[in-house]
Each structure stands twice: as C-alpha cells, then as structure tokens.
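Participant: Let me give you the structure first, and then I'll get to my questions.
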Amino acid sequence: ILNVEQSPQSLHVQEGDSTNFTCSFPSSNFYALHWYRWETAKSPEALFVMTLNGDEKKKGRISATLNTKEGYSYLYIKGSQPEDSATYLCALIQGGSEKLVFGKGTKLTVNP
Amino acid sequence: ETGVTQSPTHLIKTRGQQVTLRCSSQSGHNTVSWYQQALGQGPQFIFQYYREEENGRGNFPPRFSGLQFPNYSSELNVNALELDDSALYLCASSLRDRGRMNTEAFFGQGTRLTVV
C-alpha cells in the first residue's frame, strides 16, 4: 500500500504568522508531486506540480520545495492571511502510474 | 476555459440502488479521473479515462464503472449501492501530453452521495 503522509493534520495560526507543512512519500519510483489547496465548498485548486529533486516553486506568498531522494516536500506560507484558510493536499504520482495518491491533507485556519 | 462541472451536487440513494454521476471536463482536456473522498480521508483514485478508454483503476469493485464520451465528458456509475459508498465523489480533468500526465488536474466541486 502506497502511503502519502501529511503533517500536521490541522493547524491554527494568527494572521501574519508564517507556517509550513510536510508531505512525506516513498522515494522509490518517483514521477511527480502535486500540491492542491481546497477551500470549503469549492474545488481543489492546483498550487504546484513538482518533478525534479531540489525543485523550489513559488506563487505569491506560498512556496514549496521537493526532496525526492529522502521523500518529502514542504509547503511554506509567508505572512498568513485569513483567506489562506483551507485544506492543503499533496498527491504523489509514481512512474508507470496515472493516478494521484493523496495524503489526508493539512487543514489550516488563519485567525484574524 | 469552462472549468470542470459535476452534477448533481448532492443526492440521497437507498442501499441496493444504482446511481450515475456526471462530469463535464475542462475544455481541451482529454483525460478524466474519478476520486472518492470518505470522511477524514484524502481522495482515493477510482479510475481514469483517456480517449474514451479506461486507463488505470484503483482498488474499487466492478460495481463501480465509468464512461468517457467523445466530447470528453464522463459518467461514474455505481451499482448495488452500499452504506460505505457514502462519500464525496470528485471528477478531475487533465491533459495527457506525450503519453504522460505532467500537468495539474482541474477538479470539479464534487457530488455528495449519501446512501441510506
């Protein structure tokens, strides 16, 4: 069974705080890692698709890093805002597979 | 871009019944995947369709079946519904290029199925 683990499960921060979450996955047979942001009552929205070891991607105040050799990715949010409140999902694609294998997500709540 | 739309948004079915969920893919996308999200879990892969053919299946029984149409819209059919089938069903469309999916998936808002 392929396990993608995310931590923490949930997180409460104050507006302006910076925060980060972890996604861990098996390092063997890696193809790509996706990060999605899922706000309540909306569709999951893609943040990043990462494929190369050492990749760093940034979109506004959100950035992500990837280490395929040790099997982890970090998502960082700088200066959290209430509108960042959402569940952040990572999903792995292994070589030879077409499916996204999701973690359970990290639920972020940013208090004003 | 038209976005991914799913219908219905909610429905309630009785155990043993059959259900069909529908998904309209994002314009220009040739691949659609279906996922089931049970409470407290991440989305679980059901199957994927590429150019109207099944292209990968997760650990779901044969009573879960699907179709992809020439316009790349898709259906998920579930027969003999069980209580454990109660979940959010997500459809995701993507573009396969040179044989692999290396771009992000675009998700619909999901269909919330309750089996009583």
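If you're wondering about the labels, chains in the structure tokens are A, B, ... by order shown, residues count from 1 in each chain, ligands from 1 in order shown.
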Determine which residues of chain A sit within 6 Å of chain B, taking into account only C-alpha atoms, and present them as a VMD selection string.
Facilitator: chain A and resid 42 to 44 102 to 104
Participant: If we count only C-alpha atoms and set the cut-off at 7 Å, which residues sit around Val13 in chain A, ignoring sequence neighbours fewer than 6 positions away in its own chain? Please answer as an NGL selection string.
Facilitator: :A and (109-111)
Participant: Can you pull out every residue within 7 Å of Glu15 in chain A, counting only C-alpha atoms, but drop anything in the same chain fewer than 5 positions away, and send it as an mmCIF file with N, CA, C and O atoms, in the first residue's frame?
Facilitator:
```
data_model
loop_
_atom_site.group_PDB
_atom_site.id
_atom_site.type_symbol
_atom_site.label_atom_id
_atom_site.label_comp_id
_atom_site.auth_asym_id
_atom_site.auth_seq_id
_atom_site.Cartn_x
_atom_site.Cartn_y
_atom_site.Cartn_z
ATOM 1 N N GLY A 79 3.515 35.064 6.022
ATOM 2 C CA GLY A 79 2.544 36.097 6.364
ATOM 3 C C GLY A 79 1.111 35.665 6.115
ATOM 4 O O GLY A 79 0.384 36.265 5.325
ATOM 5 N N SER A 80 0.679 34.608 6.800
ATOM 6 C CA SER A 80 -0.644 34.012 6.546
ATOM 7 C C SER A 80 -1.760 35.039 6.658
ATOM 8 O O SER A 80 -1.737 35.921 7.529
ATOM 9 N N GLN A 81 -2.743 34.900 5.788
ATOM 10 C CA GLN A 81 -3.931 35.742 5.782
ATOM 11 C C GLN A 81 -5.160 34.856 5.992
ATOM 12 O O GLN A 81 -5.128 33.666 5.659
ATOM 13 N N PRO A 82 -6.258 35.429 6.507
ATOM 14 C CA PRO A 82 -7.466 34.615 6.706
ATOM 15 C C PRO A 82 -7.911 33.888 5.439
ATOM 16 O O PRO A 82 -8.415 32.762 5.523
ATOM 17 N N VAL A 110 -6.505 30.362 9.674
ATOM 18 C CA VAL A 110 -5.796 31.604 9.984
ATOM 19 C C VAL A 110 -6.770 32.545 10.670
ATOM 20 O O VAL A 110 -7.766 32.970 10.084
ATOM 21 N N ASN A 111 -6.482 32.857 11.915
ATOM 22 C CA ASN A 111 -7.368 33.723 12.692
ATOM 23 C C ASN A 111 -6.984 35.185 12.507
ATOM 24 O O ASN A 111 -5.807 35.533 12.557
ATOM 25 N N PRO A 112 -7.997 36.061 12.284
ATOM 26 C CA PRO A 112 -7.696 37.482 12.066
ATOM 27 C C PRO A 112 -7.219 38.138 13.358
ATOM 28 O O PRO A 112 -7.452 37.655 14.454
#
```
Participant: To one decimal in Å, tell me the separation between CA of His29 in chain B and CA of Ser74 in chain B.
Facilitator: 11.9 Å
Participant: I'd like the neighbourhood of Ala38 in chain B as a short mmCIF file (atom, residue, chain, number, x, y, z; two decimals) with C-alpha atoms, in the first residue's frame, where a residue qualifies if any of its atoms comes within 10 Å (using only C-alpha atoms), though same-chain residues fewer than 5 positions away should be ignored.
Facilitator:
```
data_model
loop_
_atom_site.label_atom_id
_atom_site.label_comp_id
_atom_site.auth_asym_id
_atom_site.auth_seq_id
_atom_site.Cartn_x
_atom_site.Cartn_y
_atom_site.Cartn_z
CA PRO B 43 -9.34 11.44 -2.15
CA GLN B 44 -8.94 7.82 -3.33
CA ASP B 84 -19.98 2.71 2.75
CA ASP B 85 -20.36 4.29 -0.68
CA SER B 86 -21.50 7.46 1.07
CA ALA B 87 -18.78 9.96 0.20
CA LEU B 88 -17.82 12.97 -1.89
CA TYR B 89 -17.06 11.97 -5.48
#
```
Participant: List the spatial neighbours of Tyr31 in chain A as a PyMOL selection string - criterion: any atom at most 12 Å away, only C-alpha atoms, same-chain residues fewer than 3 positions off excluded.
Facilitator: (chain A and resi 25-28+34+49-53+66+68-69+71+91-101) or (chain B and resi 100-103)
Participant: Quick one: pull the distance between CA of Arg112 in chain B and CA of Asn77 in chain B, Å, one decimal.
Facilitator: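 So the two atoms, CA of Arg112 in chain B and CA of Asn77 in chain B, lie 14.1 Å apart.
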Participant: List every residue of chain B that DSSP, applied to the backbone, labels as strand (DSSP E or B), and write the result as a PyMOL selection string.
Facilitator: chain B and resi 5-7+10-13+19-24+31-37+44-50+53-57+64-68+74-78+87-94+97+100+106-107+111-115
Participant: Compile the contact shell of Leu47 in chain A as a list in words: residues with an atom at most 7 Å away, counting only C-alpha atoms, same-chain residues fewer than 2 positions apart removed.
Facilitator: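 The contact residues come out as Trp35, Tyr36, Arg37 and Glu45 of chain A.
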Participant: If you keep C-alpha atoms, can you produce a file of those selected residues as a PDB file, in the first residue's frame?
Facilitator:
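The result, stored in result-v6.pdb:
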```pdb
ATOM      1  CA  TRP A  35       0.083  20.369  -4.142  1.00  0.00           C
ATOM      2  CA  TYR A  36      -3.565  21.417  -4.042  1.00  0.00           C
ATOM      3  CA  ARG A  37      -5.432  23.957  -1.973  1.00  0.00           C
ATOM      4  CA  GLU A  45      -7.130  24.079  -6.863  1.00  0.00           C
TER       5      GLU A  45
END
```
Participant: With only C-alpha atoms as the basis for distance, which of B:His10, B:Arg15, B:Arg51, B:Arg63 is at the shortest distance from Asn30 in chain B?
Facilitator: B:Arg51
Participant: Quick check, in Å to one decimal: how far apart do CA of Val115 in chain B and CA of Glu39 in chain A lie?
Facilitator: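 Between CA of Val115 in chain B and CA of Glu39 in chain A the gap works out to 25.0 Å.
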